[in-house]
Amino acid sequence: MNITALLEQHRTEESRLNWQGTFKDYFDLVTAQPGLARLSHARVYDMIMARGCETRPNGDRAYKFFTDELFGIEKPLQQLVDYFASAASRLEVRKRILLLMGPVGGGKSSIVTLLKRGLEAYTRTEAGAAYAIAGCPMHEEPLHLVPDDLRPGLQREYGLYIEGDLCPSCRATVQDKYAGRVEDVLIEHVVFSEKNRLGIGTFTPSDPKSQDISELTGSIDLATIGTYGAESDPRAYRFDGELNVANRGLMEFIEMLKADEKFLYSLLTLSQEQNIKTGRFAMIYADEVIISHTNETEYINFVNNKRAEALHDRIIVIKVSYNLRVSDEVKIHEKLLKQAHLRNVHVAPGTLRVASTFAVLSRLEQSKKDGMSLMKKLKLYDGEEVEQFSQRDVKELQDECPREGMDGISPRYVINALSRTLARDGVTCVNPIDGLRALRDGLEQHPGLSRERRDELLNLIAETRREYDETAKKEVQKAFVYSFEESARTLLNNYLDNVEAFCSKTRLHDPITDEEVEPDEQLMHAIEEQIGVSENAKKAFREEILIRLSAVARRGQKFGYTSHERLREGIEKKLFADLRDVVKITTSTKTPDEDQLRRINDVVNRLVGEQGYCRICANELLKYVGTLLNR
Ligand SMILES: Nc1ncnc2c1ncn2[C@@H]1O[C@H](COP(=O)(O)OP(=O)(O)OP(=O)(O)O)[C@@H](O)[C@H]1O
Ligand SMILES: [Mg+2]
Ligand SMILES: [Zn+2]
Ligand SMILES: [Zn+2]
């Protein structure tokens with residue numbers, strides 16, 4: 001570490017951030033880099049795009065700006081970015097208020113927080129830099145100093161688009177302090193900061209009777225009114241409402257539809273006309289992104305409220321429903337657990353997956369399609385293939401239930417339930433069964449759940465448990481096969497050799513006896529019977545395998561035991577069937593002999609060394625599977 005270099009870098013950075021100059025200096029900067037003067041929506045859009053975007057195989061666009069923090073809600077995020085894209089080109093949509101609508105704990109606040117924190121960081125960078133008239137209570141764009149009649153010329157010459165007029169305070173300062181000499185006005189670099197009330201505001205509705213509009217639009221400063229005589233003197237006014245504060249950046253309006261209508265109309269004027277109306281002054285220009293959130297019930301009331309009609313078409317609604325993909329839900333829980341700073345408790349493999357499975361199941365709606373269960377739907381949504389259905393069916397399933405994802409268990413609920421268990425004294429490891437128990441106990445304390453819904457959820461827990469039982473068995477069986485992959489590969493190659501000979505009606509060469517032998521019908525059958533390939537169907541099945549084999553080879557890839565879904569299943573089941581008795585006896589015996597002890601030890605070691613278990617959950621898993629196999 002070179003401390004001198006670091007300090008020097010720090011100083012350069014500080015001096016860049018503390019830049020001050022005259023309007024003339026700023027003008028040189030902004031003509032060289034017109035982006036400095038972009039409007040709020042464009043700044044947000046550039047900030048998001050600066051981090052990049054990738055297109056997923058299913059066509060979804062994933063914006064890096066969000067993907068480290070938010071999972072499985074690509075659709076609403078795409079809509080959000082699309083909104084900013086149009087608003088950045090100054091299309092009419094920028095004059096609408098953004099409203100995120102969705103269920104509790106679905107990530108609405110997180111989206112807004114990311115945007116706010118993003119702006120704070122972005123305005124510290126060169127690409128996101130912002131400048132303001134020094135001393136302006138609304139840190140306004142310095143180009144407002146340019147008189148109207150000069151603006152078209154500047155736009156033609158430099159491509160500078162100037163919108164908005166000086167605020168009352170700056171107008172007074174330019175006259176009083178600079179005697180109208182605009183070029184001398186002091187300009188400074190500004191960094192948005194919610195804490196410093198610059199560029200980022202938040203409004204929370206409280207009791208409408210006591211809450212005053214001045215919280216939004218600023219107020220008269222009673223202490224100084226005597227000094228300046230008139231209420232309309234800008235020096236006697238505090239431009240400290242949230243709308244003033246958020247000028248050039250973003251204002252979050254929490255639970256907007258809970259607010260009194262008078263607040264909403266204030267917002268409307270601002271978004272429609274880019275003006276804050278305060279009564280004292282004609283109009284104060286402001287440019288900011290307004291983003292708010294609400295739940296579905298309140299939104300429906302709002303839509304049905306005729307008195308609020310004027311507002312309806314001035315709002316752009318983005319539906320933020322729950323994530324419906326288990327693998328993404330696992331990521332959400334991992335993130336939340338990390339944030340929870342729990343003491344060192346081991347979370348056993350599969351625990352978050354089980355919790356996520358339950359959470360996603362609770363959000364799904366039953367399909368009318370024949371043979372479609374919630375569990376199958378869950379797997380399809382997560383990109384897996386299931387019996388009878390494929391990824392091609394996903395779109396239709398989604399269209400069948402447009403409200404899907406607006407109800408159910410939230411990530412917050414899951415984490416609260418898990419945390420309670422994790423934080424319990426003496427707990428050093430939490431496994432999937434503990435997790436399910438915690439989720440179940442949580443339901444008892446969950447307010448506002450009907451008897452019926454609680455029973456439904458309990459059923460889903462039971463279903464999740466059944467699904468986990470299968471996984472647990474597989475996990476243990478895999479650990480029992482010394483090298484599962486290796487055994488599977490050997491069995492596959494053996495099978496393929498025989499199938500090849502069978503289909504081409506040739507014989508196999510036995511390397512040991514050096515004899516030519518008939519294909520081993522017993523071996524092939526042992527695998528095929530596991531997946532119900534009948535005597536009549538075996539020829540077609542084997543030919544299908546060979547066709548797949550050559551197709552894979554033509555693409556220059558290797559045919560592995562996972563290359564054909566049913567064959568994989570057959571091979572796994574065959575390996576497990578061979579083992580079943582060993583596993584059963586070893587895991588459930590109360591008095592293991594030396595051989596069994598060694599075996600158990602090996603398996604535990606493998607679970608710990610390769611699968612992420614600790615000794616506690618590895619042993620519990622074995623015990624659990626032992627009881628399952630003995631049922
Ligand atoms: N899709 C998601 N990806 C990542 N984290 C998520 C997701 N959905 C929810 N979360 C996390 O769950 C927690 C609750 O979300 P958040 O507070 O943003 O929800 P909300 O929609 O604002 O809820 P409320 O209606 O209760 O205010 C947050 O910590 C958030 O990060
Ligand atoms: Mg919230
Ligand atoms: Zn000003
Ligand atoms: Zn453990």
# chains A, B, ... in the order shown; residues from 1 in each chain; ligands from 1
$ residues_near_ligand --ligand "ligand 3" --cutoff "8 Å" --atoms "only C-alpha atoms and all ligand atoms" --output "PDB file with N, CA, C and O atoms, in the first residue's frame"
ATOM      1  N   ILE A 133     -26.289  26.204  -8.782  1.00  0.00           N
ATOM      2  CA  ILE A 133     -26.002  27.572  -8.376  1.00  0.00           C
ATOM      3  C   ILE A 133     -25.698  27.558  -6.878  1.00  0.00           C
ATOM      4  O   ILE A 133     -26.510  27.057  -6.093  1.00  0.00           O
ATOM      5  N   GLY A 135     -25.563  28.231  -3.149  1.00  0.00           N
ATOM      6  CA  GLY A 135     -26.483  28.914  -2.251  1.00  0.00           C
ATOM      7  C   GLY A 135     -27.937  28.773  -2.633  1.00  0.00           C
ATOM      8  O   GLY A 135     -28.811  29.199  -1.876  1.00  0.00           O
ATOM      9  N   CYS A 136     -28.228  28.179  -3.776  1.00  0.00           N
ATOM     10  CA  CYS A 136     -29.635  28.006  -4.156  1.00  0.00           C
ATOM     11  C   CYS A 136     -30.267  26.954  -3.256  1.00  0.00           C
ATOM     12  O   CYS A 136     -29.752  25.855  -3.123  1.00  0.00           O
ATOM     13  N   PRO A 137     -31.381  27.258  -2.622  1.00  0.00           N
ATOM     14  CA  PRO A 137     -32.003  26.285  -1.717  1.00  0.00           C
ATOM     15  C   PRO A 137     -32.505  25.051  -2.465  1.00  0.00           C
ATOM     16  O   PRO A 137     -32.766  24.025  -1.844  1.00  0.00           O
ATOM     17  N   MET A 138     -32.629  25.182  -3.776  1.00  0.00           N
ATOM     18  CA  MET A 138     -33.096  24.025  -4.543  1.00  0.00           C
ATOM     19  C   MET A 138     -31.997  23.499  -5.460  1.00  0.00           C
ATOM     20  O   MET A 138     -32.281  22.767  -6.407  1.00  0.00           O
ATOM     21  N   HIS A 139     -30.732  23.935  -5.148  1.00  0.00           N
ATOM     22  CA  HIS A 139     -29.586  23.477  -5.939  1.00  0.00           C
ATOM     23  C   HIS A 139     -29.941  23.363  -7.406  1.00  0.00           C
ATOM     24  O   HIS A 139     -29.843  22.297  -8.021  1.00  0.00           O
ATOM     25  N   GLU A 140     -30.351  24.486  -7.975  1.00  0.00           N
ATOM     26  CA  GLU A 140     -30.884  24.380  -9.325  1.00  0.00           C
ATOM     27  C   GLU A 140     -29.809  24.408 -10.398  1.00  0.00           C
ATOM     28  O   GLU A 140     -28.666  24.779 -10.163  1.00  0.00           O
ATOM     29  N   LEU A 166     -35.249  30.542 -13.030  1.00  0.00           N
ATOM     30  CA  LEU A 166     -34.625  30.697 -11.710  1.00  0.00           C
ATOM     31  C   LEU A 166     -35.670  30.655 -10.598  1.00  0.00           C
ATOM     32  O   LEU A 166     -36.789  31.141 -10.765  1.00  0.00           O
ATOM     33  N   CYS A 167     -35.266  30.128  -9.493  1.00  0.00           N
ATOM     34  CA  CYS A 167     -36.165  30.114  -8.346  1.00  0.00           C
ATOM     35  C   CYS A 167     -36.208  31.527  -7.753  1.00  0.00           C
ATOM     36  O   CYS A 167     -35.312  32.333  -8.004  1.00  0.00           O
ATOM     37  N   PRO A 168     -37.228  31.855  -6.967  1.00  0.00           N
ATOM     38  CA  PRO A 168     -37.352  33.219  -6.432  1.00  0.00           C
ATOM     39  C   PRO A 168     -36.110  33.647  -5.658  1.00  0.00           C
ATOM     40  O   PRO A 168     -35.692  34.810  -5.734  1.00  0.00           O
ATOM     41  N   SER A 169     -35.511  32.703  -4.972  1.00  0.00           N
ATOM     42  CA  SER A 169     -34.352  33.055  -4.163  1.00  0.00           C
ATOM     43  C   SER A 169     -33.171  33.462  -5.047  1.00  0.00           C
ATOM     44  O   SER A 169     -32.532  34.495  -4.824  1.00  0.00           O
ATOM     45  N   CYS A 170     -32.892  32.669  -6.065  1.00  0.00           N
ATOM     46  CA  CYS A 170     -31.775  32.999  -6.947  1.00  0.00           C
ATOM     47  C   CYS A 170     -32.043  34.278  -7.732  1.00  0.00           C
ATOM     48  O   CYS A 170     -31.133  35.069  -7.986  1.00  0.00           O
ATOM     49  N   ARG A 171     -33.296  34.447  -8.110  1.00  0.00           N
ATOM     50  CA  ARG A 171     -33.629  35.652  -8.860  1.00  0.00           C
ATOM     51  C   ARG A 171     -33.245  36.882  -8.030  1.00  0.00           C
ATOM     52  O   ARG A 171     -32.624  37.824  -8.524  1.00  0.00           O
TER      53      ARG A 171
END
$ residues_near_ligand --ligand "ligand 4" --cutoff "10 Å" --atoms "only C-alpha atoms and all ligand atoms" --output "PyMOL selection string"
chain A and resi 345-349+428-431+608+612-621
$ select_by_dssp --residues "region 230-417 of chain A" --states "alpha helix (DSSP H)" --output "PyMOL selection string"
chain A and resi 242-245+261-273+296-304+309-312+326-339+351-363+374-381+394-400+411-417
$ residues_near_ligand --ligand "ligand 1" --cutoff "10 Å" --atoms "only C-alpha atoms and all ligand atoms" --output "count of residues only"
54
$ closest_residue --among "A:Ala537, A:Leu342, A:Thr589, A:Thr204" --to "ligand 2" --atoms "only C-alpha atoms and all ligand atoms"
A:Thr204
$ closest_residue --among "A:Glu298, A:Glu141, A:Glu528, A:Glu157" --to "Arg568 (chain A)" --atoms "only C-alpha atoms"
A:Glu528
$ select_by_dssp --residues "region 215-375 of chain A" --states "strand (DSSP E or B)" --output "ChimeraX atom specification"
/A:219-220,237-238,250-253,275-276,284-285,289-294,315-319,346-347
$ residues_around --residues "Gly241 (chain A)" --least-positions-apart "5" --cutoff "8 Å" --atoms "only C-alpha atoms" --output "list in words"
Ser214, Glu215, Leu216, Thr217, Gly218 and Ser219 of chain A
$ residues_around --residues "Glu463 (chain A)" --least-positions-apart "5" --cutoff "9 Å" --atoms "only C-alpha atoms" --output "PyMOL selection string"
chain A and resi 358+375+458+468
$ write_last_selection --atoms "N, CA and C atoms" --output "PDB file, in the first residue's frame"
ATOM      1  N   PHE A 358     -41.577 -23.473  -0.341  1.00  0.00           N
ATOM      2  CA  PHE A 358     -42.838 -23.173   0.333  1.00  0.00           C
ATOM      3  C   PHE A 358     -43.324 -21.768  -0.048  1.00  0.00           C
ATOM      4  N   MET A 375     -46.718 -28.058  -7.683  1.00  0.00           N
ATOM      5  CA  MET A 375     -45.299 -28.393  -7.642  1.00  0.00           C
ATOM      6  C   MET A 375     -44.711 -28.471  -9.051  1.00  0.00           C
ATOM      7  N   LEU A 458     -50.608 -24.864   5.507  1.00  0.00           N
ATOM      8  CA  LEU A 458     -50.069 -26.042   6.189  1.00  0.00           C
ATOM      9  C   LEU A 458     -49.927 -27.203   5.208  1.00  0.00           C
ATOM     10  N   TYR A 468     -39.002 -32.562  -0.264  1.00  0.00           N
ATOM     11  CA  TYR A 468     -37.677 -32.588   0.366  1.00  0.00           C
ATOM     12  C   TYR A 468     -37.251 -34.022   0.684  1.00  0.00           C
TER      13      TYR A 468
END
$ decode --residues "region 396-447 of chain A" --atoms "C-alpha atoms" --output "short mmCIF file (atom, residue, chain, number, x, y, z; two decimals), in the first residue's frame"
data_model
loop_
_atom_site.label_atom_id
_atom_site.label_comp_id
_atom_site.auth_asym_id
_atom_site.auth_seq_id
_atom_site.Cartn_x
_atom_site.Cartn_y
_atom_site.Cartn_z
CA GLU A 396 -49.74 -20.29 -21.36
CA LEU A 397 -49.61 -21.02 -17.64
CA GLN A 398 -48.69 -17.44 -16.90
CA ASP A 399 -51.45 -16.09 -19.10
CA GLU A 400 -53.93 -18.34 -17.33
CA CYS A 401 -53.36 -16.58 -13.98
CA PRO A 402 -52.63 -12.90 -14.53
CA ARG A 403 -52.84 -12.11 -10.81
CA GLU A 404 -50.36 -14.79 -9.83
CA GLY A 405 -47.65 -13.46 -7.53
CA MET A 406 -49.79 -10.76 -5.96
CA ASP A 407 -50.48 -12.90 -2.90
CA GLY A 408 -48.63 -15.32 -0.71
CA ILE A 409 -45.76 -15.59 1.71
CA SER A 410 -43.21 -12.77 1.47
CA PRO A 411 -39.44 -13.11 1.71
CA ARG A 412 -39.64 -11.00 4.85
CA TYR A 413 -41.93 -13.54 6.51
CA VAL A 414 -39.58 -16.38 5.67
CA ILE A 415 -36.53 -14.60 6.99
CA ASN A 416 -38.27 -13.59 10.19
CA ALA A 417 -39.30 -17.18 10.82
CA LEU A 418 -35.82 -18.51 10.08
CA SER A 419 -34.12 -15.82 12.13
CA ARG A 420 -36.16 -16.68 15.18
CA THR A 421 -34.86 -20.24 14.98
CA LEU A 422 -31.33 -19.18 14.13
CA ALA A 423 -31.14 -16.76 17.01
CA ARG A 424 -32.31 -19.28 19.58
CA ASP A 425 -29.75 -20.03 22.28
CA GLY A 426 -27.73 -23.16 21.85
CA VAL A 427 -28.65 -23.58 18.19
CA THR A 428 -25.56 -24.17 16.07
CA CYS A 429 -27.08 -25.57 12.91
CA VAL A 430 -30.46 -25.23 11.24
CA ASN A 431 -31.59 -27.88 8.75
CA PRO A 432 -34.49 -28.05 6.30
CA ILE A 433 -36.79 -29.76 8.78
CA ASP A 434 -36.09 -27.05 11.38
CA GLY A 435 -36.80 -24.52 8.68
CA LEU A 436 -40.16 -26.02 7.82
CA ARG A 437 -41.05 -26.20 11.51
CA ALA A 438 -40.18 -22.52 11.94
CA LEU A 439 -42.34 -21.60 8.97
CA ARG A 440 -45.20 -23.65 10.35
CA ASP A 441 -44.94 -22.12 13.83
CA GLY A 442 -44.83 -18.69 12.24
CA LEU A 443 -48.24 -19.30 10.70
CA GLU A 444 -49.71 -19.59 14.18
CA GLN A 445 -48.59 -16.05 14.93
CA HIS A 446 -49.41 -14.64 11.54
CA PRO A 447 -52.15 -12.07 12.00
#
